[in-house]
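Peer 1: My questions all concern the structure below.
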Amino acid sequence: MTLSITGDAILAVQAEVLNISKHGFWLMIHDREYYLAFDDFPWFRNATIAEILAVELPQPDHLYWSALDVDLHLDSLEHPEHYPLIYTS
């Protein structure tokens, strides 16, 4: 027996929080693991576990935490040194 109709892929690309510690959290995106240290990403330091877990991936290279109003591009996770958190006037 052969099928003549093929369906769409049912697995969507997702972002998943793997673990949270007092220093940061691990995030899995596109089969790649990222560590977000609270020193490098201070927006998450005082967030609740539920707020951190509620990560969305609206685009393949864009992360969003709606409860925290935090948007991150994947490049900022791969190269945080390119995005310093320094205010200059």
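Numbering starts fresh at 1 for the residues of each chain in the structure tokens, the chains themselves are lettered A, B, ... in the order given, and ligands are numbered from 1 as they appear.
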Please provide as JSON, numbers by chain all residues within 6 Å of His62 of chain A, with the sequence filter that same-chain residues fewer than 4 positions apart are discarded (counting only C-alpha atoms).
Peer 2: {"A": [57, 72, 73]}
Peer 1: Can you list, as a PyMOL selection string, every protein, DNA or RNA residue that comes within 12 Å of Glu56 of chain A when you count only C-alpha atoms, leaving out same-chain residues fewer than 6 positions away?
Peer 2: chain A and resi 12-17+27-29+62-73
Peer 1: Go ahead and save the picked residues with N, CA and C atoms, as a PDB file, in the first residue's frame.
Peer 2:
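result_13.pdb written:
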ATOM      1  N   ALA A  12       7.170  21.851  14.649  1.00  0.00           N
ATOM      2  CA  ALA A  12       7.586  23.234  14.439  1.00  0.00           C
ATOM      3  C   ALA A  12       8.850  23.501  15.244  1.00  0.00           C
ATOM      4  N   VAL A  13       9.634  24.422  14.779  1.00  0.00           N
ATOM      5  CA  VAL A  13      10.829  24.805  15.516  1.00  0.00           C
ATOM      6  C   VAL A  13      10.389  25.515  16.784  1.00  0.00           C
ATOM      7  N   GLN A  14      10.952  25.090  17.889  1.00  0.00           N
ATOM      8  CA  GLN A  14      10.558  25.658  19.168  1.00  0.00           C
ATOM      9  C   GLN A  14      11.782  26.042  19.980  1.00  0.00           C
ATOM     10  N   ALA A  15      11.561  26.905  20.905  1.00  0.00           N
ATOM     11  CA  ALA A  15      12.573  27.242  21.898  1.00  0.00           C
ATOM     12  C   ALA A  15      12.139  26.585  23.206  1.00  0.00           C
ATOM     13  N   GLU A  16      13.093  25.969  23.882  1.00  0.00           N
ATOM     14  CA  GLU A  16      12.768  25.262  25.120  1.00  0.00           C
ATOM     15  C   GLU A  16      13.801  25.585  26.184  1.00  0.00           C
ATOM     16  N   VAL A  17      13.324  25.940  27.359  1.00  0.00           N
ATOM     17  CA  VAL A  17      14.208  26.156  28.499  1.00  0.00           C
ATOM     18  C   VAL A  17      14.522  24.790  29.091  1.00  0.00           C
ATOM     19  N   LEU A  27      18.946  27.267  27.169  1.00  0.00           N
ATOM     20  CA  LEU A  27      17.867  27.347  26.196  1.00  0.00           C
ATOM     21  C   LEU A  27      18.247  26.514  24.981  1.00  0.00           C
ATOM     22  N   MET A  28      17.326  25.684  24.489  1.00  0.00           N
ATOM     23  CA  MET A  28      17.556  24.872  23.292  1.00  0.00           C
ATOM     24  C   MET A  28      16.747  25.466  22.153  1.00  0.00           C
ATOM     25  N   ILE A  29      17.460  25.809  21.058  1.00  0.00           N
ATOM     26  CA  ILE A  29      16.828  26.362  19.861  1.00  0.00           C
ATOM     27  C   ILE A  29      17.500  25.735  18.651  1.00  0.00           C
ATOM     28  N   HIS A  62      14.448  34.866  16.128  1.00  0.00           N
ATOM     29  CA  HIS A  62      13.932  35.896  17.039  1.00  0.00           C
ATOM     30  C   HIS A  62      13.219  35.234  18.213  1.00  0.00           C
ATOM     31  N   LEU A  63      13.602  35.614  19.442  1.00  0.00           N
ATOM     32  CA  LEU A  63      12.976  35.104  20.661  1.00  0.00           C
ATOM     33  C   LEU A  63      12.178  36.215  21.322  1.00  0.00           C
ATOM     34  N   TYR A  64      11.102  35.829  22.004  1.00  0.00           N
ATOM     35  CA  TYR A  64      10.265  36.826  22.674  1.00  0.00           C
ATOM     36  C   TYR A  64       9.685  36.254  23.955  1.00  0.00           C
ATOM     37  N   TRP A  65       9.798  37.033  25.033  1.00  0.00           N
ATOM     38  CA  TRP A  65       9.177  36.731  26.316  1.00  0.00           C
ATOM     39  C   TRP A  65       8.144  37.825  26.550  1.00  0.00           C
ATOM     40  N   SER A  66       6.889  37.539  26.307  1.00  0.00           N
ATOM     41  CA  SER A  66       5.848  38.572  26.362  1.00  0.00           C
ATOM     42  C   SER A  66       5.650  39.127  27.773  1.00  0.00           C
ATOM     43  N   ALA A  67       5.672  38.298  28.791  1.00  0.00           N
ATOM     44  CA  ALA A  67       5.460  38.781  30.165  1.00  0.00           C
ATOM     45  C   ALA A  67       6.575  39.722  30.616  1.00  0.00           C
ATOM     46  N   LEU A  68       7.760  39.550  30.049  1.00  0.00           N
ATOM     47  CA  LEU A  68       8.902  40.385  30.419  1.00  0.00           C
ATOM     48  C   LEU A  68       9.161  41.491  29.401  1.00  0.00           C
ATOM     49  N   ASP A  69       8.455  41.444  28.290  1.00  0.00           N
ATOM     50  CA  ASP A  69       8.650  42.376  27.175  1.00  0.00           C
ATOM     51  C   ASP A  69      10.115  42.390  26.735  1.00  0.00           C
ATOM     52  N   VAL A  70      10.678  41.178  26.552  1.00  0.00           N
ATOM     53  CA  VAL A  70      12.069  41.016  26.135  1.00  0.00           C
ATOM     54  C   VAL A  70      12.090  40.378  24.753  1.00  0.00           C
ATOM     55  N   ASP A  71      12.778  41.036  23.823  1.00  0.00           N
ATOM     56  CA  ASP A  71      13.019  40.525  22.482  1.00  0.00           C
ATOM     57  C   ASP A  71      14.515  40.284  22.337  1.00  0.00           C
ATOM     58  N   LEU A  72      14.892  39.128  21.826  1.00  0.00           N
ATOM     59  CA  LEU A  72      16.305  38.847  21.580  1.00  0.00           C
ATOM     60  C   LEU A  72      16.472  38.224  20.202  1.00  0.00           C
ATOM     61  N   HIS A  73      17.507  38.621  19.521  1.00  0.00           N
ATOM     62  CA  HIS A  73      17.885  38.005  18.257  1.00  0.00           C
ATOM     63  C   HIS A  73      18.881  36.893  18.587  1.00  0.00           C
TER      64      HIS A  73
END
Peer 1: Take atom CA of Tyr34 of chain A and atom CA of Leu77 of chain A and report the distance between them in Å, one decimal.
Peer 2: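 Interatomic distance here is 6.9 Å.
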Peer 1: Please run DSSP on the backbone and report, as a tab-separated table (two decimals) with C-alpha atoms, in the first residue's frame, all residues within segment 3-85 of chain A that come out as strand (DSSP E).
Peer 2:
chain	number	residue	atom	x	y	z
A	15	ALA	CA	12.57	27.24	21.90
A	16	GLU	CA	12.77	25.26	25.12
A	17	VAL	CA	14.21	26.16	28.50
A	18	LEU	CA	16.22	23.15	29.64
A	19	ASN	CA	17.36	24.22	33.09
A	20	ILE	CA	17.44	27.27	35.36
A	24	GLY	CA	21.35	31.79	34.44
A	25	PHE	CA	19.43	29.36	32.27
A	26	TRP	CA	19.94	27.01	29.33
A	27	LEU	CA	17.87	27.35	26.20
A	28	MET	CA	17.56	24.87	23.29
A	29	ILE	CA	16.83	26.36	19.86
A	32	ARG	CA	21.58	24.07	19.64
A	33	GLU	CA	21.99	24.83	23.32
A	34	TYR	CA	22.60	28.35	24.64
A	35	TYR	CA	23.43	29.52	28.14
A	36	LEU	CA	22.04	32.90	29.17
A	37	ALA	CA	23.93	34.14	32.21
A	55	VAL	CA	9.61	31.88	25.65
A	56	GLU	CA	8.23	32.19	22.13
A	57	LEU	CA	9.96	31.81	18.78
A	58	PRO	CA	7.87	33.97	16.42
A	59	GLN	CA	10.60	33.83	13.75
A	62	HIS	CA	13.93	35.90	17.04
A	63	LEU	CA	12.98	35.10	20.66
A	64	TYR	CA	10.27	36.83	22.67
A	65	TRP	CA	9.18	36.73	26.32
A	70	VAL	CA	12.07	41.02	26.13
A	71	ASP	CA	13.02	40.53	22.48
A	72	LEU	CA	16.30	38.85	21.58
A	73	HIS	CA	17.89	38.01	18.26
